[in-house]
Amino acid sequence: MVQPTGSVHEVSVDELFFSTTDAKGIIDLSNSVFTRMSRYSRTELHGAPHNIIRHPDMPAAAFKVMWDTLQSGQPFAAYVRNLAADGSEYRVFATITPLRDGGFLSVRSRPMDQERYGAVAGIYDVVRRAEREYMAQGLNRREVAESGVGVLVQTLTSAGIESYESFQNGSLVSEVHLREQLTSGFPSRDGDGELPHVLDRAREIYELLDQWMSKQDVLAGLAHKITATLSQVSADMTYMNSAGEKFTNYGALRPELSSLTMPLTVWAQMQPIVNGYTDSLAQRLAKLNLNVSRTQFRIALSRLHIYMYGLFVAEIIDEAGDDSAQRLRALAMLGEALVDDVETLEQQAKTTAAYMAEVGSYVTSVVEALAIPRQLLGMWEATGVTGIDDEQSAELVSMVASAKKRGDESLQTLVDLAEQLSGITELASDSDNIQSNLRDICDVINSMTA
């Protein structure tokens with residue numbers, strides 16, 4: 001068994017590498033960067049379990065979460081420390097995606113977001129120490145991993161991380177964005193052959209996915225603004241209710257004001273109904289935000305895959321050799337993975353559109369629910385205040401007026417944001433062009449492997 005030497009070798013910004021495994025994690029295909037980073041030969045890697053490169057300081061809990069996620073049919077992403085054949089370490093941001101045949105595709109890159117990497121490295125240390133204690137207590141490997149997951153979840157929560165899914169979604173988007181800022185650009189090769197043509201079409205897909213991500217970024221921004229505004233609306237409504245209750249209690253001491261305080265009493269009584277609508281809107285916003293986050297993750301994954309595809313095409317063009325048939329087979333597999341990526345994105349776009357419609361509908365419901373009490377308050381302002389002349393009453397009147405003004409402004413902001421949300425259409429408008437280019441490159445590669 002290889003032991004860590006403590007030395008580290010780095011993955012460059014322009015290097016991406018991939019490998020595929022069967023359902024049990026046995027390595028099948030890979031590119032030359034993987035052999036160089038792992039410092040195993042292609043022969044040594046082919047047919048070996050993927051944990052041949054597992055670093056002993058990686059917590060078992062991380063791999064337990066990975067397998068649970070993959071077996072549910074979802075992709076997984078994580079920062080990973082790997083161990084090369086010579087005992088040196090190389091650190092990567094890894095994505096693993098289920099394939100049609102039951103196997104998995106893993107694409108790795110240099111970790112770019114040092115803040116996120118540092119945070120997770122500290123969490124891994126905590127979890128791994130706990131796992132070693134469990135091992136010392138006599139727990140078996142499965143029990144250690146399961147107990148480690150509990151420590152992982154608790155440590156994430158203590159670090160202010162809502163869930164591992166939210167962490168991985170944000171991490172992949174950040175990693176892809178930062179890498180694309182520093183990389184030398186999508187590969188290109190001159191020539192009249194089939195592979196340069198494939199590379200050109202792959203570049204078009206890459207650029208179209210960028211446009212797709214831009215729409216999701218706008219949508220995410222609006223959804224977060226609506227969430228913040230809804231929180232402000234709730235706070236304003238609570239403040240207004242408090243003002244109304246104070247005035248109603250004060251009016252109880254002055255029977256001559258009972259008719260004047262009636263609208264405020266009705267307002268206070270309607271608060272549970274209004275809160276029900278705002279709570280429902282908050283729940284739908286949470287679903288929208290989660291789906292947007294998942295869509296951004298999928299787009300970033302697709303961009304990573306198409307970039308990996310482009311680099312691998314360039315590698316095949318540059319390094320013609322006896323294993324060209326295997327490389328073309330790997331290229332066909334990468335193409336299938338991209339087709340699956342886009343199909344998933346199209347479905348998520350439909351789901352997002354449905355959530356957007358629900359949010360818009362519930363914004364209308366919140367505004368309508370507030371219409372009657374707001375009218376009552378308007379009537380009260382117009383007529384009730386004329387009968388109030390003492391200093392304490394005047395102070396409460398001012399409080400109610402301020403609360404009503406704040407509530408009206410927040411609600412108008414909410415309406416305006418909802419209108420902007422409804423203006424975002426055709427979230428998957430580029431999918432036809434992407435699918436067309438994908439069919440093109442897949443047909444070319446399939447003809448070459450026939």
# chains A, B, ... in the order shown; residues from 1 in each chain; ligands from 1
>>> closest_atom_pairs(of="region 253-301 of chain A", to="region 408-432 of chain A", cutoff="12 Å", atoms="only C-alpha atoms", output="Markdown table")
| residue | atom | partner | partner_atom | distance |
| --- | --- | --- | --- | --- |
| A:Thr278 | CA | A:Leu411 | CA | 11.2 |
| A:Leu281 | CA | A:Leu414 | CA | 11.2 |
| A:Leu285 | CA | A:Ala418 | CA | 11.2 |
| A:Leu288 | CA | A:Leu421 | CA | 11.3 |
| A:Val292 | CA | A:Leu427 | CA | 10.9 |
| A:Thr295 | CA | A:Leu427 | CA | 10.5 |
| A:Gln296 | CA | A:Leu427 | CA | 11.8 |
| A:Ile299 | CA | A:Ala428 | CA | 11.1 |
>>> residues_around(residues="region 51-67 of chain A", least_positions_apart="2", cutoff="6 Å", atoms="only C-alpha atoms", output="VMD selection string")
chain A and resid 49 69 to 71 81 to 84 128 145 148 to 149
>>> write_last_selection(atoms="C-alpha atoms", output="tab-separated table (two decimals), in the first residue's frame")
chain	number	residue	atom	x	y	z
A	49	PRO	CA	-10.57	0.22	-8.19
A	69	THR	CA	-25.97	10.71	-3.65
A	70	LEU	CA	-24.88	8.78	-6.73
A	71	GLN	CA	-27.13	5.83	-5.96
A	81	ARG	CA	-7.14	14.93	-1.52
A	82	ASN	CA	-5.71	12.19	-3.73
A	83	LEU	CA	-2.61	10.04	-3.30
A	84	ALA	CA	-0.33	9.38	-6.28
A	128	ARG	CA	-11.41	12.17	10.25
A	145	ALA	CA	-18.50	5.83	7.83
A	148	GLY	CA	-18.72	9.97	10.47
A	149	VAL	CA	-21.66	11.26	8.43
>>> residues_around(residues="region 232-237 of chain A", least_positions_apart="2", cutoff="12 Å", atoms="only C-alpha atoms", output="ChimeraX atom specification")
/A:225-230,239-244,267-268,270-279,281-282,363,366-367,370,373-374,399-415
>>> residues_around(residues="region 190-204 of chain A", least_positions_apart="5", cutoff="12 Å", atoms="only C-alpha atoms", output="JSON, numbers by chain")
{"A": [185, 209, 210, 211, 302, 303, 304, 305, 306, 307, 308, 309, 310, 311, 312, 313, 314, 315, 316, 317, 318, 320, 328, 331, 332, 334, 335, 338, 430, 431, 433, 434, 435, 436, 437, 438, 439, 440, 441, 442, 443, 444, 445, 446, 447, 448]}
>>> write_last_selection(atoms="C-alpha atoms", output="mmCIF file, in the first residue's frame")
data_model
loop_
_atom_site.group_PDB
_atom_site.id
_atom_site.type_symbol
_atom_site.label_atom_id
_atom_site.label_comp_id
_atom_site.auth_asym_id
_atom_site.auth_seq_id
_atom_site.Cartn_x
_atom_site.Cartn_y
_atom_site.Cartn_z
ATOM 1 C CA GLY A 185 -9.586 29.599 -23.110
ATOM 2 C CA LEU A 209 -24.372 27.359 -21.931
ATOM 3 C CA ASP A 210 -22.849 30.646 -20.816
ATOM 4 C CA GLN A 211 -25.976 32.460 -22.015
ATOM 5 C CA SER A 302 -22.378 20.854 -18.224
ATOM 6 C CA ARG A 303 -19.858 23.638 -18.845
ATOM 7 C CA LEU A 304 -17.206 21.586 -17.070
ATOM 8 C CA HIS A 305 -18.109 18.528 -19.153
ATOM 9 C CA ILE A 306 -18.069 20.377 -22.476
ATOM 10 C CA TYR A 307 -14.731 21.968 -21.581
ATOM 11 C CA MET A 308 -13.394 18.532 -20.698
ATOM 12 C CA TYR A 309 -14.760 17.290 -24.017
ATOM 13 C CA GLY A 310 -12.949 20.051 -25.897
ATOM 14 C CA LEU A 311 -9.655 19.391 -24.130
ATOM 15 C CA PHE A 312 -9.939 15.678 -24.848
ATOM 16 C CA VAL A 313 -10.655 16.272 -28.542
ATOM 17 C CA ALA A 314 -7.553 18.476 -28.662
ATOM 18 C CA GLU A 315 -5.568 15.733 -26.888
ATOM 19 C CA ILE A 316 -6.670 13.158 -29.460
ATOM 20 C CA ILE A 317 -5.675 15.502 -32.309
ATOM 21 C CA ASP A 318 -2.291 16.244 -30.723
ATOM 22 C CA ALA A 320 -2.355 10.308 -32.272
ATOM 23 C CA LEU A 328 -12.888 7.755 -29.433
ATOM 24 C CA LEU A 331 -15.297 10.707 -26.473
ATOM 25 C CA ALA A 332 -18.574 9.013 -27.415
ATOM 26 C CA LEU A 334 -18.572 12.067 -22.902
ATOM 27 C CA GLY A 335 -21.004 13.051 -25.659
ATOM 28 C CA LEU A 338 -23.588 15.876 -22.306
ATOM 29 C CA ASP A 430 -30.848 27.922 -26.206
ATOM 30 C CA SER A 431 -31.557 24.222 -25.788
ATOM 31 C CA ASN A 433 -29.184 24.993 -30.646
ATOM 32 C CA ILE A 434 -27.322 23.054 -27.982
ATOM 33 C CA GLN A 435 -29.151 19.840 -28.898
ATOM 34 C CA SER A 436 -28.460 20.413 -32.593
ATOM 35 C CA ASN A 437 -24.736 20.819 -31.984
ATOM 36 C CA LEU A 438 -24.710 17.806 -29.665
ATOM 37 C CA ARG A 439 -26.380 15.611 -32.270
ATOM 38 C CA ASP A 440 -23.823 16.828 -34.793
ATOM 39 C CA ILE A 441 -20.751 15.974 -32.731
ATOM 40 C CA CYS A 442 -22.196 12.683 -31.457
ATOM 41 C CA ASP A 443 -23.012 11.589 -35.033
ATOM 42 C CA VAL A 444 -19.485 12.427 -36.176
ATOM 43 C CA ILE A 445 -17.836 10.513 -33.323
ATOM 44 C CA ASN A 446 -20.204 7.540 -33.698
ATOM 45 C CA SER A 447 -19.351 7.329 -37.413
ATOM 46 C CA MET A 448 -15.656 7.324 -36.527
#
>>> select_by_dssp(residues="region 25-70 of chain A", states="helix (DSSP H, G or I)", output="list of chain:residue names")
A:Ser32, A:Val33, A:Phe34, A:Thr35, A:Arg36, A:Met37, A:Ser38, A:Arg42, A:Thr43, A:Glu44, A:Leu45, A:His50, A:Asn51, A:Ile52, A:Ile53, A:Ala60, A:Ala61, A:Ala62, A:Phe63, A:Lys64, A:Val65, A:Met66, A:Trp67, A:Asp68, A:Thr69, A:Leu70
>>> decode(residues="region 51-87 of chain A", atoms="C-alpha atoms", output="PDB file, in the first residue's frame")
ATOM      1  CA  ASN A  51      -9.844   4.088  -4.507  1.00  0.00           C
ATOM      2  CA  ILE A  52      -6.305   3.225  -5.655  1.00  0.00           C
ATOM      3  CA  ILE A  53      -5.736   7.003  -5.405  1.00  0.00           C
ATOM      4  CA  ARG A  54      -7.571   7.525  -2.111  1.00  0.00           C
ATOM      5  CA  HIS A  55      -5.634   9.524   0.464  1.00  0.00           C
ATOM      6  CA  PRO A  56      -5.802   8.030   4.001  1.00  0.00           C
ATOM      7  CA  ASP A  57      -6.638  11.430   5.493  1.00  0.00           C
ATOM      8  CA  MET A  58      -9.886  11.691   3.502  1.00  0.00           C
ATOM      9  CA  PRO A  59     -12.848  10.929   5.804  1.00  0.00           C
ATOM     10  CA  ALA A  60     -14.911   7.851   5.041  1.00  0.00           C
ATOM     11  CA  ALA A  61     -18.034   9.944   5.640  1.00  0.00           C
ATOM     12  CA  ALA A  62     -17.337  11.989   2.501  1.00  0.00           C
ATOM     13  CA  PHE A  63     -17.383   8.850   0.374  1.00  0.00           C
ATOM     14  CA  LYS A  64     -20.488   7.567   2.155  1.00  0.00           C
ATOM     15  CA  VAL A  65     -22.309  10.793   1.235  1.00  0.00           C
ATOM     16  CA  MET A  66     -20.940  10.489  -2.301  1.00  0.00           C
ATOM     17  CA  TRP A  67     -22.246   6.950  -2.819  1.00  0.00           C
ATOM     18  CA  ASP A  68     -25.615   7.758  -1.263  1.00  0.00           C
ATOM     19  CA  THR A  69     -25.973  10.714  -3.651  1.00  0.00           C
ATOM     20  CA  LEU A  70     -24.880   8.778  -6.733  1.00  0.00           C
ATOM     21  CA  GLN A  71     -27.131   5.830  -5.962  1.00  0.00           C
ATOM     22  CA  SER A  72     -30.061   8.245  -5.817  1.00  0.00           C
ATOM     23  CA  GLY A  73     -29.240   9.139  -9.431  1.00  0.00           C
ATOM     24  CA  GLN A  74     -27.819  12.590  -8.678  1.00  0.00           C
ATOM     25  CA  PRO A  75     -24.337  13.965  -9.416  1.00  0.00           C
ATOM     26  CA  PHE A  76     -21.918  14.726  -6.600  1.00  0.00           C
ATOM     27  CA  ALA A  77     -19.098  17.251  -6.157  1.00  0.00           C
ATOM     28  CA  ALA A  78     -16.433  17.618  -3.485  1.00  0.00           C
ATOM     29  CA  TYR A  79     -12.955  18.801  -2.673  1.00  0.00           C
ATOM     30  CA  VAL A  80     -10.696  15.738  -2.522  1.00  0.00           C
ATOM     31  CA  ARG A  81      -7.138  14.926  -1.516  1.00  0.00           C
ATOM     32  CA  ASN A  82      -5.713  12.186  -3.731  1.00  0.00           C
ATOM     33  CA  LEU A  83      -2.607  10.035  -3.304  1.00  0.00           C
ATOM     34  CA  ALA A  84      -0.331   9.381  -6.284  1.00  0.00           C
ATOM     35  CA  ALA A  85       1.674   6.212  -6.880  1.00  0.00           C
ATOM     36  CA  ASP A  86       4.857   7.807  -5.542  1.00  0.00           C
ATOM     37  CA  GLY A  87       3.202   8.873  -2.287  1.00  0.00           C
TER      38      GLY A  87
END
